[in-house]
file protein-v9.cif (mmCIF, C-alpha atoms)
data_target
loop_
_atom_site.label_atom_id
_atom_site.label_comp_id
_atom_site.auth_asym_id
_atom_site.auth_seq_id
_atom_site.Cartn_x
_atom_site.Cartn_y
_atom_site.Cartn_z
CA MET A 278 62.66 86.55 77.16
CA ARG A 279 61.48 89.81 78.65
CA ARG A 280 63.92 89.42 81.54
CA ASN A 281 66.82 88.18 79.45
CA TRP A 282 66.90 90.74 76.67
CA TRP A 283 69.97 92.42 78.13
CA LYS A 284 71.95 89.19 77.91
CA ILE A 285 71.19 88.95 74.19
CA LEU A 286 72.09 92.63 73.84
CA ALA A 287 75.38 92.01 75.66
CA SER A 288 76.28 89.09 73.38
CA LEU A 289 75.43 90.97 70.20
CA LEU A 290 77.31 94.10 71.27
CA LEU A 291 80.32 92.03 72.31
CA ILE A 292 80.46 90.21 68.97
CA TYR A 293 80.02 93.54 67.16
CA SER A 294 82.72 95.28 69.20
CA ILE A 295 85.25 92.49 68.65
CA ILE A 296 84.64 92.22 64.89
CA ALA A 297 84.34 95.96 64.28
CA GLY A 298 87.18 96.68 66.69
CA LEU A 299 89.56 94.48 64.76
CA LEU A 300 88.38 95.30 61.23
CA LEU A 301 87.14 98.90 61.03
CA GLU A 302 89.30 101.81 59.99
CA VAL A 303 91.20 103.50 62.84
CA PRO A 304 93.10 106.81 62.77
CA ARG A 305 96.84 106.42 62.18
CA LEU A 306 98.73 108.07 65.01
CA PRO A 307 102.44 108.06 65.72
CA ILE A 308 103.63 105.52 68.32
CA LEU A 309 100.12 104.05 68.70
CA HIS A 310 99.56 102.81 65.12
CA GLU A 311 97.38 99.69 65.11
CA THR A 312 97.66 99.19 68.88
CA ILE A 313 95.01 101.89 69.25
CA ARG A 314 92.52 99.06 68.77
CA ASN A 315 93.38 97.94 72.30
CA LEU A 316 91.34 100.95 73.46
CA TYR A 317 88.24 98.86 72.74
CA PHE A 318 89.40 96.15 75.15
CA HIS A 319 91.65 97.77 77.76
CA VAL A 320 89.47 100.71 78.79
CA PRO A 321 86.15 98.77 79.06
CA MET A 322 87.84 96.37 81.53
CA TRP A 323 88.44 99.24 83.97
CA PHE A 324 84.97 100.71 83.43
CA THR A 325 83.46 97.31 84.17
CA MET A 326 85.64 96.83 87.24
CA ILE A 327 84.60 100.19 88.69
CA ILE A 328 80.91 99.56 87.98
CA LEU A 329 81.11 96.12 89.63
CA TYR A 330 82.84 97.55 92.71
CA LEU A 331 80.25 100.32 92.86
CA VAL A 332 77.38 97.81 92.73
CA SER A 333 79.16 95.80 95.40
CA VAL A 334 79.36 98.84 97.71
CA ILE A 335 75.65 99.50 97.15
CA TYR A 336 74.86 95.92 98.16
CA SER A 337 77.15 96.18 101.18
CA ILE A 338 75.26 99.28 102.33
CA LYS A 339 72.00 97.44 101.71
CA TYR A 340 73.29 94.51 103.76
CA LEU A 341 74.16 96.73 106.73
CA ALA A 342 70.69 98.24 106.53
CA SER A 343 68.74 95.01 106.11
CA GLY A 344 70.87 92.09 107.32
CA ASN A 345 69.65 90.07 104.34
CA GLU A 346 72.16 87.34 103.47
CA LYS A 347 71.45 87.66 99.73
CA HIS A 348 72.79 91.21 99.68
CA ASP A 349 76.05 90.03 101.20
CA LEU A 350 76.39 87.23 98.62
CA MET A 351 75.74 89.71 95.81
CA ALA A 352 78.37 92.10 97.21
CA VAL A 353 81.04 89.41 97.42
CA GLU A 354 80.37 88.01 93.95
CA MET A 355 80.51 91.54 92.47
CA VAL A 356 83.93 91.99 94.08
CA ASN A 357 85.12 88.56 92.88
CA THR A 358 84.13 89.38 89.31
CA GLY A 359 85.56 92.89 89.65
CA ILE A 360 88.94 91.42 90.62
CA ILE A 361 88.93 89.28 87.46
CA PHE A 362 88.25 92.38 85.34
CA GLY A 363 90.98 94.24 87.23
CA PHE A 364 93.49 91.54 86.31
CA LEU A 365 92.27 91.57 82.69
CA GLY A 366 92.71 95.36 82.66
CA LEU A 367 96.24 95.01 84.00
CA ALA A 368 97.06 92.30 81.43
CA THR A 369 95.72 94.20 78.41
CA GLY A 370 97.42 97.35 79.70
CA MET A 371 100.76 95.59 80.09
CA ILE A 372 100.60 94.26 76.52
CA TRP A 373 99.72 97.74 75.25
CA ALA A 374 102.43 99.42 77.31
CA ASN A 375 104.99 96.93 76.02
CA TYR A 376 104.41 98.11 72.43
CA THR A 377 103.86 101.83 73.00
CA TRP A 378 105.86 102.81 76.10
CA GLY A 379 108.59 100.21 75.67
CA ALA A 380 108.09 98.20 78.86
CA PRO A 381 105.24 96.16 80.34
CA TRP A 382 105.48 98.02 83.65
CA PRO A 383 106.68 101.61 83.24
CA ASN A 384 106.75 103.62 86.46
CA ASP A 385 103.38 105.23 85.94
CA PRO A 386 101.16 106.38 88.83
CA LYS A 387 98.01 105.04 87.26
CA LEU A 388 99.52 101.57 86.90
CA ASN A 389 100.71 101.54 90.48
CA SER A 390 97.35 102.80 91.72
CA ALA A 391 95.53 100.10 89.78
CA ALA A 392 97.79 97.44 91.26
CA ILE A 393 97.28 98.78 94.79
CA SER A 394 93.50 98.91 94.44
CA THR A 395 93.58 95.29 93.26
CA LEU A 396 95.59 94.45 96.41
CA MET A 397 92.92 96.18 98.48
CA TYR A 398 90.18 93.98 97.08
CA LEU A 399 92.33 90.86 97.43
CA ALA A 400 92.65 91.83 101.09
CA TYR A 401 88.85 91.91 101.22
CA VAL A 402 88.80 88.29 100.06
CA VAL A 403 91.41 87.32 102.65
CA LEU A 404 89.41 89.09 105.36
CA ARG A 405 86.36 87.02 104.47
CA GLY A 406 88.49 83.90 104.68
CA ALA A 407 89.68 84.85 108.17
CA LEU A 408 86.18 85.08 109.67
CA ASP A 409 84.19 81.93 110.28
CA GLU A 410 80.87 83.02 111.62
CA GLU A 411 78.61 83.91 108.69
CA GLN A 412 76.81 86.99 109.97
CA LYS A 413 79.94 88.45 111.50
CA ARG A 414 81.84 87.83 108.26
CA ALA A 415 79.13 89.51 106.22
CA ARG A 416 78.95 92.54 108.49
CA ILE A 417 82.68 93.12 108.92
CA SER A 418 83.54 92.59 105.26
CA ALA A 419 80.74 95.00 104.33
CA VAL A 420 82.32 97.60 106.59
CA TYR A 421 85.74 97.10 104.95
CA ASN A 422 84.20 97.17 101.47
CA ILE A 423 82.51 100.52 102.10
CA PHE A 424 85.66 101.88 103.74
CA SER A 425 87.96 100.94 100.88
CA PHE A 426 85.79 102.18 98.00
CA PRO A 427 86.48 105.93 98.53
CA VAL A 428 90.17 105.13 98.91
CA MET A 429 90.07 103.38 95.52
CA ILE A 430 88.45 106.47 93.99
CA VAL A 431 91.26 108.62 95.41
CA LEU A 432 93.85 106.16 94.10
CA LEU A 433 92.51 105.87 90.58
CA PHE A 434 91.13 109.34 89.89
CA ILE A 435 92.80 111.92 92.15
CA LEU A 436 96.41 110.86 92.74
CA PRO A 437 97.36 110.19 89.09
CA ARG A 438 96.11 113.66 88.19
CA MET A 439 98.47 115.25 90.70
CA THR A 440 101.64 113.83 89.14
CA ASP A 441 102.98 113.22 85.67
CA SER A 442 101.50 110.22 84.01
CA LEU A 443 101.80 108.53 80.67
CA HIS A 444 98.07 107.94 80.56
CA PRO A 445 95.94 110.41 78.66
CA GLY A 446 93.83 112.66 80.86
CA ASN A 447 96.42 112.80 83.66
CA GLY A 448 99.19 115.17 84.69
CA GLY A 449 98.00 117.84 82.29
CA ASN A 450 97.74 115.47 79.33
CA PRO A 451 94.48 115.97 77.48
CA GLY A 452 92.02 113.08 77.54
CA PHE A 453 91.67 110.74 74.64
CA ASN A 454 88.38 112.30 73.54
CA SER A 455 89.67 115.75 72.94
CA TYR A 456 91.95 115.07 70.03
CA ASP A 457 92.01 111.62 68.67
CA LEU A 458 88.97 109.59 69.61
CA ASP A 459 87.24 110.47 66.37
CA SER A 460 83.62 109.65 65.66
CA SER A 461 84.38 106.36 63.91
CA MET A 462 86.10 105.08 67.06
CA ARG A 463 83.23 106.19 69.25
CA LEU A 464 80.95 103.94 67.20
CA VAL A 465 82.88 100.94 68.47
CA PHE A 466 84.12 102.20 71.82
CA TYR A 467 80.78 102.98 73.49
CA PRO A 468 79.12 99.69 72.47
CA ALA A 469 82.24 97.85 73.70
CA VAL A 470 82.02 99.56 77.10
CA LEU A 471 78.33 98.73 77.42
CA ALA A 472 78.92 95.15 76.28
CA TRP A 473 81.68 94.45 78.81
CA ILE A 474 79.73 96.04 81.67
CA LEU A 475 76.72 93.87 80.85
CA VAL A 476 78.92 90.77 80.56
CA GLY A 477 80.51 91.58 83.93
CA VAL A 478 77.14 91.94 85.62
CA TRP A 479 75.99 88.74 83.92
CA ILE A 480 79.00 86.75 85.20
CA ALA A 481 78.54 88.14 88.72
CA ASN A 482 74.85 87.30 88.56
CA LEU A 483 75.54 83.70 87.55
CA LYS A 484 78.09 83.32 90.33
CA PHE A 485 75.60 84.77 92.81
CA ARG A 486 72.89 82.32 91.78
CA LEU A 487 75.35 79.42 91.95
CA ARG A 488 76.33 80.47 95.46
CA LEU A 489 72.66 80.69 96.43
CA ILE A 490 72.01 77.13 95.20
CA GLU A 491 75.09 75.85 97.04
CA ASN A 492 73.88 77.48 100.24
CA ASN A 493 70.42 75.96 99.86
CA LEU A 494 71.86 72.48 99.35
CA LYS A 495 73.86 72.68 102.57
CA MET B 21 75.06 111.69 128.85
CA SER B 22 75.88 113.94 125.95
CA LEU B 23 78.37 112.95 123.28
CA THR B 24 81.06 115.37 124.42
CA LYS B 25 80.77 114.24 128.02
CA GLN B 26 81.02 110.59 126.99
CA LEU B 27 83.94 111.46 124.77
CA LYS B 28 85.79 113.14 127.61
CA ALA B 29 85.21 110.24 130.00
CA LEU B 30 86.29 107.64 127.44
CA LEU B 31 89.39 109.58 126.46
CA LEU B 32 90.35 109.97 130.11
CA LYS B 33 89.83 106.22 130.57
CA GLU B 34 92.16 105.43 127.67
CA ILE B 35 94.88 107.74 128.95
CA VAL B 36 94.63 106.61 132.58
CA LEU B 37 94.68 102.94 131.58
CA GLU B 38 97.70 103.55 129.41
CA TRP B 39 99.49 105.51 132.10
CA ARG B 40 98.87 102.84 134.75
CA SER B 41 100.42 100.00 132.83
CA ARG B 42 102.63 101.95 130.42
CA TYR B 43 103.24 98.62 128.75
CA ALA B 44 102.02 99.59 125.29
CA LEU B 45 103.50 103.06 125.45
CA ASN B 46 106.98 101.96 126.50
CA GLY B 47 106.83 99.02 124.13
CA ILE B 48 106.06 101.13 121.09
CA LEU B 49 108.56 103.85 121.95
CA LEU B 50 111.26 101.22 122.36
CA TYR B 51 110.11 99.61 119.12
CA VAL B 52 110.61 102.77 117.07
CA VAL B 53 113.95 103.62 118.68
CA SER B 54 115.38 100.15 118.12
CA THR B 55 114.09 100.07 114.53
CA ILE B 56 115.83 103.36 113.83
CA PHE B 57 118.98 102.00 115.39
CA VAL B 58 118.83 98.81 113.32
CA CYS B 59 118.43 100.94 110.19
CA TYR B 60 121.31 103.17 111.24
CA LEU B 61 123.64 100.23 111.81
CA SER B 62 122.65 98.65 108.48
CA PHE B 63 122.83 101.78 106.32
CA ARG B 64 125.34 104.07 108.13
CA VAL B 65 125.01 106.78 105.45
CA VAL B 66 122.03 107.27 103.16
CA ALA B 67 121.19 109.51 100.22
CA PRO B 68 118.59 112.24 100.95
CA LEU B 69 115.90 110.48 98.90
CA THR B 70 116.41 107.24 100.83
CA TRP B 71 116.55 109.16 104.10
CA ASN B 72 113.04 110.46 103.55
CA ALA B 73 111.57 107.16 102.33
CA LEU B 74 113.22 105.19 105.14
CA PHE B 75 111.77 107.49 107.77
CA TRP B 76 108.24 107.00 106.46
CA ILE B 77 108.65 103.23 106.24
CA ILE B 78 109.80 103.12 109.88
CA MET B 79 106.82 105.30 110.84
CA LEU B 80 104.45 103.07 108.88
CA PHE B 81 105.49 99.91 110.70
CA ALA B 82 105.67 101.58 114.10
CA SER B 83 102.19 103.08 113.70
CA VAL B 84 100.63 99.81 112.51
CA ASN B 85 101.96 98.20 115.68
CA ALA B 86 100.95 101.08 117.92
CA VAL B 87 97.38 101.36 116.66
CA ALA B 88 96.74 97.62 116.27
CA LYS B 89 96.80 97.29 120.06
CA SER B 90 93.95 99.70 120.67
CA PHE B 91 91.14 97.16 120.26
CA VAL B 92 92.94 93.91 121.01
CA GLN B 93 93.83 94.78 124.57
CA GLU B 94 90.19 95.20 125.57
CA SER B 95 88.55 92.09 126.93
CA ARG B 96 85.16 90.94 125.64
CA GLY B 97 83.51 91.72 128.93
CA ARG B 98 84.76 95.27 128.99
CA GLN B 99 83.68 95.80 125.39
CA LEU B 100 80.17 94.68 126.24
CA TYR B 101 80.12 96.97 129.25
CA LEU B 102 81.26 99.95 127.16
CA TYR B 103 78.71 99.11 124.51
CA SER B 104 75.93 99.27 127.03
CA ILE B 105 76.92 102.62 128.54
CA ALA B 106 78.36 104.66 125.66
CA SER B 107 77.39 105.41 122.09
CA PRO B 108 79.59 103.78 119.42
CA LYS B 109 80.30 107.22 117.93
CA ALA B 110 81.86 108.37 121.19
CA ILE B 111 83.91 105.17 121.39
CA ILE B 112 85.40 105.43 117.91
CA LEU B 113 86.04 109.17 118.29
CA SER B 114 87.78 108.66 121.62
CA LYS B 115 89.92 105.92 120.07
CA ILE B 116 90.82 108.14 117.10
CA ILE B 117 91.75 111.04 119.38
CA TYR B 118 93.73 108.82 121.72
CA ASN B 119 95.59 107.18 118.84
CA THR B 120 96.31 110.60 117.35
CA LEU B 121 97.86 111.75 120.63
CA LEU B 122 99.88 108.55 120.84
CA MET B 123 101.07 108.92 117.26
CA LEU B 124 102.01 112.57 117.75
CA LEU B 125 104.18 111.60 120.71
CA LEU B 126 105.64 108.68 118.81
CA SER B 127 106.43 110.67 115.68
CA ALA B 128 107.96 113.57 117.61
CA LEU B 129 110.29 111.12 119.33
CA ALA B 130 110.99 109.29 116.08
CA ILE B 131 111.92 112.40 114.08
CA PHE B 132 114.11 113.65 116.93
CA PHE B 133 116.01 110.37 117.28
CA TYR B 134 116.12 109.74 113.54
CA SER B 135 117.69 113.10 112.72
CA LEU B 136 120.06 112.65 115.64
CA VAL B 137 121.64 109.47 114.27
CA PHE B 138 121.13 110.05 110.52
CA LYS B 139 122.42 113.47 109.66
CA ASN B 140 120.58 115.07 106.77
CA PRO B 141 120.23 118.76 105.97
CA LEU B 142 116.60 119.89 105.87
CA GLY B 143 115.68 122.83 103.67
CA ASP B 144 112.56 123.76 105.62
CA PRO B 145 112.62 122.04 109.04
CA LEU B 146 109.34 123.58 110.19
CA LEU B 147 107.39 122.32 107.19
CA TYR B 148 109.08 118.93 107.49
CA PHE B 149 107.99 118.71 111.11
CA CYS B 150 104.46 119.74 110.10
CA SER B 151 104.38 117.00 107.48
CA VAL B 152 105.47 114.49 110.14
CA LEU B 153 102.67 115.65 112.44
CA LEU B 154 100.12 115.57 109.61
CA GLY B 155 101.38 112.10 108.73
CA SER B 156 100.99 110.79 112.25
CA ILE B 157 97.44 112.15 112.43
CA SER B 158 96.62 110.47 109.11
CA PHE B 159 98.07 107.15 110.24
CA ALA B 160 96.09 107.24 113.48
CA VAL B 161 92.83 108.16 111.74
CA VAL B 162 93.07 105.51 109.01
CA PHE B 163 94.39 102.68 111.18
CA THR B 164 91.85 103.03 114.00
CA LEU B 165 88.88 101.66 112.06
CA ILE B 166 91.05 98.99 110.42
CA ALA B 167 92.34 97.94 113.85
CA GLY B 168 88.70 97.55 114.86
CA ILE B 169 88.05 95.35 111.81
CA ALA B 170 91.21 93.28 112.32
CA ALA B 171 90.50 92.77 116.03
CA LYS B 172 87.28 90.95 115.10
CA ALA B 173 89.27 88.24 113.30
CA ASN B 174 91.58 85.85 115.06
CA ASN B 175 94.99 86.21 113.41
CA SER B 176 94.79 89.97 113.56
CA GLY B 177 98.52 90.69 113.13
CA THR B 178 98.74 89.64 109.50
CA LEU B 179 95.25 90.88 108.76
CA MET B 180 96.05 94.33 110.15
CA ALA B 181 98.99 94.62 107.74
CA ILE B 182 97.23 93.41 104.60
CA LEU B 183 94.11 95.45 105.25
CA SER B 184 95.88 98.67 106.12
CA PHE B 185 98.84 98.83 103.71
CA PRO B 186 96.84 99.24 100.48
CA VAL B 187 94.57 101.78 102.17
CA ILE B 188 97.46 103.86 103.55
CA ILE B 189 99.52 103.91 100.32
CA PRO B 190 97.75 106.93 98.76
CA LEU B 191 98.34 108.91 101.97
CA LEU B 192 101.92 107.68 102.19
CA MET B 193 102.62 108.78 98.61
CA LEU B 194 101.27 112.26 99.35
CA LEU B 195 103.24 112.45 102.62
CA ILE B 196 106.50 111.42 100.97
CA LYS B 197 105.96 114.06 98.30
CA LEU B 198 105.13 116.73 100.88
CA SER B 199 108.11 115.93 103.08
CA LYS B 200 110.36 115.78 100.00
CA ASN B 201 109.23 119.30 99.13
CA ALA B 202 110.07 120.37 102.68
CA MET B 203 113.42 118.62 102.56
CA ASP B 204 114.38 120.37 99.34
CA GLY B 205 113.27 123.67 100.84
CA LEU B 206 110.81 124.44 98.05
CA ASP B 207 108.50 127.40 98.39
CA ARG B 208 105.59 126.56 100.69
CA THR B 209 102.95 127.45 98.11
CA VAL B 210 104.07 124.37 96.13
CA SER B 211 102.96 122.08 98.97
CA TYR B 212 99.46 123.49 99.49
CA ASP B 213 98.02 120.93 97.07
CA GLU B 214 99.30 117.98 99.09
CA ILE B 215 98.28 119.47 102.44
CA GLY B 216 94.79 120.14 101.10
CA VAL B 217 94.27 116.64 99.70
CA LEU B 218 95.69 115.04 102.87
CA SER B 219 93.34 117.01 105.13
CA LEU B 220 90.43 116.22 102.84
CA ILE B 221 91.19 112.48 102.96
CA ASN B 222 91.44 112.64 106.76
CA VAL B 223 88.05 114.35 107.08
CA MET B 224 86.56 111.79 104.69
CA VAL B 225 88.01 108.85 106.62
CA ILE B 226 86.76 110.20 109.97
CA THR B 227 83.26 110.61 108.51
CA VAL B 228 83.26 107.10 107.07
CA SER B 229 84.57 105.71 110.39
CA LEU B 230 81.78 107.43 112.31
CA LEU B 231 79.18 106.03 109.93
CA LEU B 232 80.53 102.49 109.85
CA PHE B 233 81.73 101.85 113.40
CA PRO B 234 78.24 101.30 114.89
CA TYR B 235 77.88 98.26 112.60
CA LEU B 236 81.31 96.92 113.48
CA TRP B 237 80.79 97.27 117.19
CA ARG B 238 77.51 95.34 117.36
CA ASP B 239 78.12 91.67 118.15
#
call {"tool": "encode", "arguments": {"input": "protein-v9.cif", "output": "structure tokens"}}
result
Amino acid sequence: MRRNWWKILASLLLIYSIIAGLLLEVPRLPILHETIRNLYFHVPMWFTMIILYLVSVIYSIKYLASGNEKHDLMAVEMVNTGIIFGFLGLATGMIWANYTWGAPWPNDPKLNSAAISTLMYLAYVVLRGALDEEQKRARISAVYNIFSFPVMIVLLFILPRMTDSLHPGNGGNPGFNSYDLDSSMRLVFYPAVLAWILVGVWIANLKFRLRLIENNLK
Amino acid sequence: MSLTKQLKALLLKEIVLEWRSRYALNGILLYVVSTIFVCYLSFRVVAPLTWNALFWIIMLFASVNAVAKSFVQESRGRQLYLYSIASPKAIILSKIIYNTLLMLLLSALAIFFYSLVFKNPLGDPLLYFCSVLLGSISFAVVFTLIAGIAAKANNSGTLMAILSFPVIIPLLMLLIKLSKNAMDGLDRTVSYDEIGVLSLINVMVITVSLLLFPYLWRD
């Protein structure tokens, strides 16, 4: 119980954010209308993905320092879960874009960057598949993981700000917070972010433990 | 031996080895010239926007091929020997510098031949040439570590492409924007942003390469 409290917290927050996100009052804005509720689902996906990739990089660094196989397994499962959240972020974003910007894939730098960074992490998975020897695979994929993380940061946070983008907070657009994320939305948005991050870590943790058991059985 | 001394010796080794066989050098120069010619015969005339994009795509493929060779052509025995006498930092730095020189040569030839067959008015030729040089340095810097990673796996050709393309795209987007500015002859102050970010990314990549290569090298 003492070790699992965060799982209960994650479940409760998730249930709260879904119910409150769909039922509570939201500000009425032109173009967005009711689709603004997607903020509670689309944005947390990206936050979770970035947190998972960050944890993965930390474990990759730890692996290079220690050579402990568990750190490598943790790094790869964090990336695997991060990729799932990346795809979920793309899917929720495409549905949202379809209703607000008129097309599922408008030519927006942030969209393209997100797709490219997903490609980068898929390449990581392919790289692992190409190497047979376990220690070599762990070491080389850790090197690639650490190498690609700063590039992802450039892709997602620097490049979109240099050009015009439809996303808020880019290309001179003000961020969501500054004008329309009013306090009632914050009450749902922050718990939703926390809930999805915890769920992401939980999924990765389960996958890691499953992998550990599989390895022990071999 | 100090790092600079090792660096000098390794760099000299790379250049002398290359000059003796000239296989990789001639191969890659011929590769870029024939690619340009294939593009010329297929397109004949292109719009300015396509002209710029096409040039960078040709450079991308040529540089992937040029840099991918740098680790593959070394035998296991020679790698072990180098590992025992030189520090990994000197090895990766010498490779980066050598690849940069190779890419500078390659891109100078490519831009000369490309503008010879495809005629396109350039607004600011000097800045365009600078963007080409900056681009070739960036390609060399980014691809060197990835070539090292890909060389450790067996089917390194495909792996080199899938590992490097997503990583190079942010740089490529900046380069295309910078060279587009130069092509349109915009005021140079407009392009300072791109030049700054590009140089920053290059410094970052070199630092990360220096930190990570010792782990890659160990076998």
call {"tool": "atom_distance", "arguments": {"input": "protein-v9.cif", "atom1": "atom CA of Ile308 of chain A", "atom2": "atom CA of Ile474 of chain A"}}
result
29.0 Å
call {"tool": "resolve_selection", "arguments": {"input": "protein-v9.cif", "expression": "the PyMOL selection byres ((chain A) within 8 of (chain B))", "output": "list of chain:residue names"}}
result
A:Leu341, A:Ile393, A:Ser394, A:Leu396, A:Met397, A:Ala400, A:Tyr401, A:Leu404, A:Ala407, A:Leu408, A:Lys413, A:Arg416, A:Ile417, A:Val420, A:Tyr421, A:Phe424, A:Ser425, A:Val428, A:Val431, A:Leu432, A:Leu436
call {"tool": "residues_around", "arguments": {"input": "protein-v9.cif", "residues": "Phe138 of chain B", "least_positions_apart": "4", "cutoff": "12 Å", "atoms": "all atoms listed in the file", "output": "MDAnalysis selection string"}}
result
chainID B and resid 56:68 70:72 74:75 130:134 142
call {"tool": "closest_residue", "arguments": {"input": "protein-v9.cif", "among": "A:Trp473, A:Phe485, A:Trp373, A:Phe434", "to": "Ile328 of chain A", "atoms": "only C-alpha atoms"}}
result
A:Trp473
call {"tool": "atom_distance", "arguments": {"input": "protein-v9.cif", "atom1": "atom CA of Asn389 of chain A", "atom2": "atom CA of Leu198 of chain B"}}
result
18.9 Å
call {"tool": "residues_near_point", "arguments": {"input": "protein-v9.cif", "point": "(91.2, 97.6, 72.4)", "cutoff": "10 Å", "atoms": "only C-alpha atoms", "output": "JSON list (two decimals) with C-alpha atoms, keeping the file's coordinate frame"}}
result
[["chain", "number", "residue", "atom", "x", "y", "z"],
["A", 294, "SER", "CA", 82.72, 95.28, 69.20],
["A", 295, "ILE", "CA", 85.25, 92.49, 68.65],
["A", 298, "GLY", "CA", 87.18, 96.68, 66.69],
["A", 299, "LEU", "CA", 89.56, 94.48, 64.76],
["A", 311, "GLU", "CA", 97.38, 99.69, 65.11],
["A", 312, "THR", "CA", 97.66, 99.19, 68.88],
["A", 313, "ILE", "CA", 95.01, 101.89, 69.25],
["A", 314, "ARG", "CA", 92.52, 99.06, 68.77],
["A", 315, "ASN", "CA", 93.38, 97.94, 72.30],
["A", 316, "LEU", "CA", 91.34, 100.95, 73.46],
["A", 317, "TYR", "CA", 88.24, 98.86, 72.74],
["A", 318, "PHE", "CA", 89.40, 96.15, 75.15],
["A", 319, "HIS", "CA", 91.65, 97.77, 77.76],
["A", 320, "VAL", "CA", 89.47, 100.71, 78.79],
["A", 321, "PRO", "CA", 86.15, 98.77, 79.06],
["A", 322, "MET", "CA", 87.84, 96.37, 81.53],
["A", 369, "THR", "CA", 95.72, 94.20, 78.41],
["A", 370, "GLY", "CA", 97.42, 97.35, 79.70],
["A", 373, "TRP", "CA", 99.72, 97.74, 75.25],
["A", 465, "VAL", "CA", 82.88, 100.94, 68.47],
["A", 466, "PHE", "CA", 84.12, 102.20, 71.82],
["A", 469, "ALA", "CA", 82.24, 97.85, 73.70]]
call {"tool": "atom_distance", "arguments": {"input": "protein-v9.cif", "atom1": "atom CA of Glu34 of chain B", "atom2": "atom CA of Val223 of chain B"}}
result
22.8 Å
call {"tool": "residues_around", "arguments": {"input": "protein-v9.cif", "residues": "Ala419 of chain A", "least_positions_apart": "4", "cutoff": "8 Å", "atoms": "only C-alpha atoms", "output": "PyMOL selection string"}}
result
chain A and resi 334+337-338+340-341+349+415+423
call {"tool": "closest_residue", "arguments": {"input": "protein-v9.cif", "among": "A:Leu309, A:Pro304, A:Pro468, A:Leu487", "to": "Asn375 of chain A", "atoms": "all atoms listed in the file"}}
result
A:Leu309
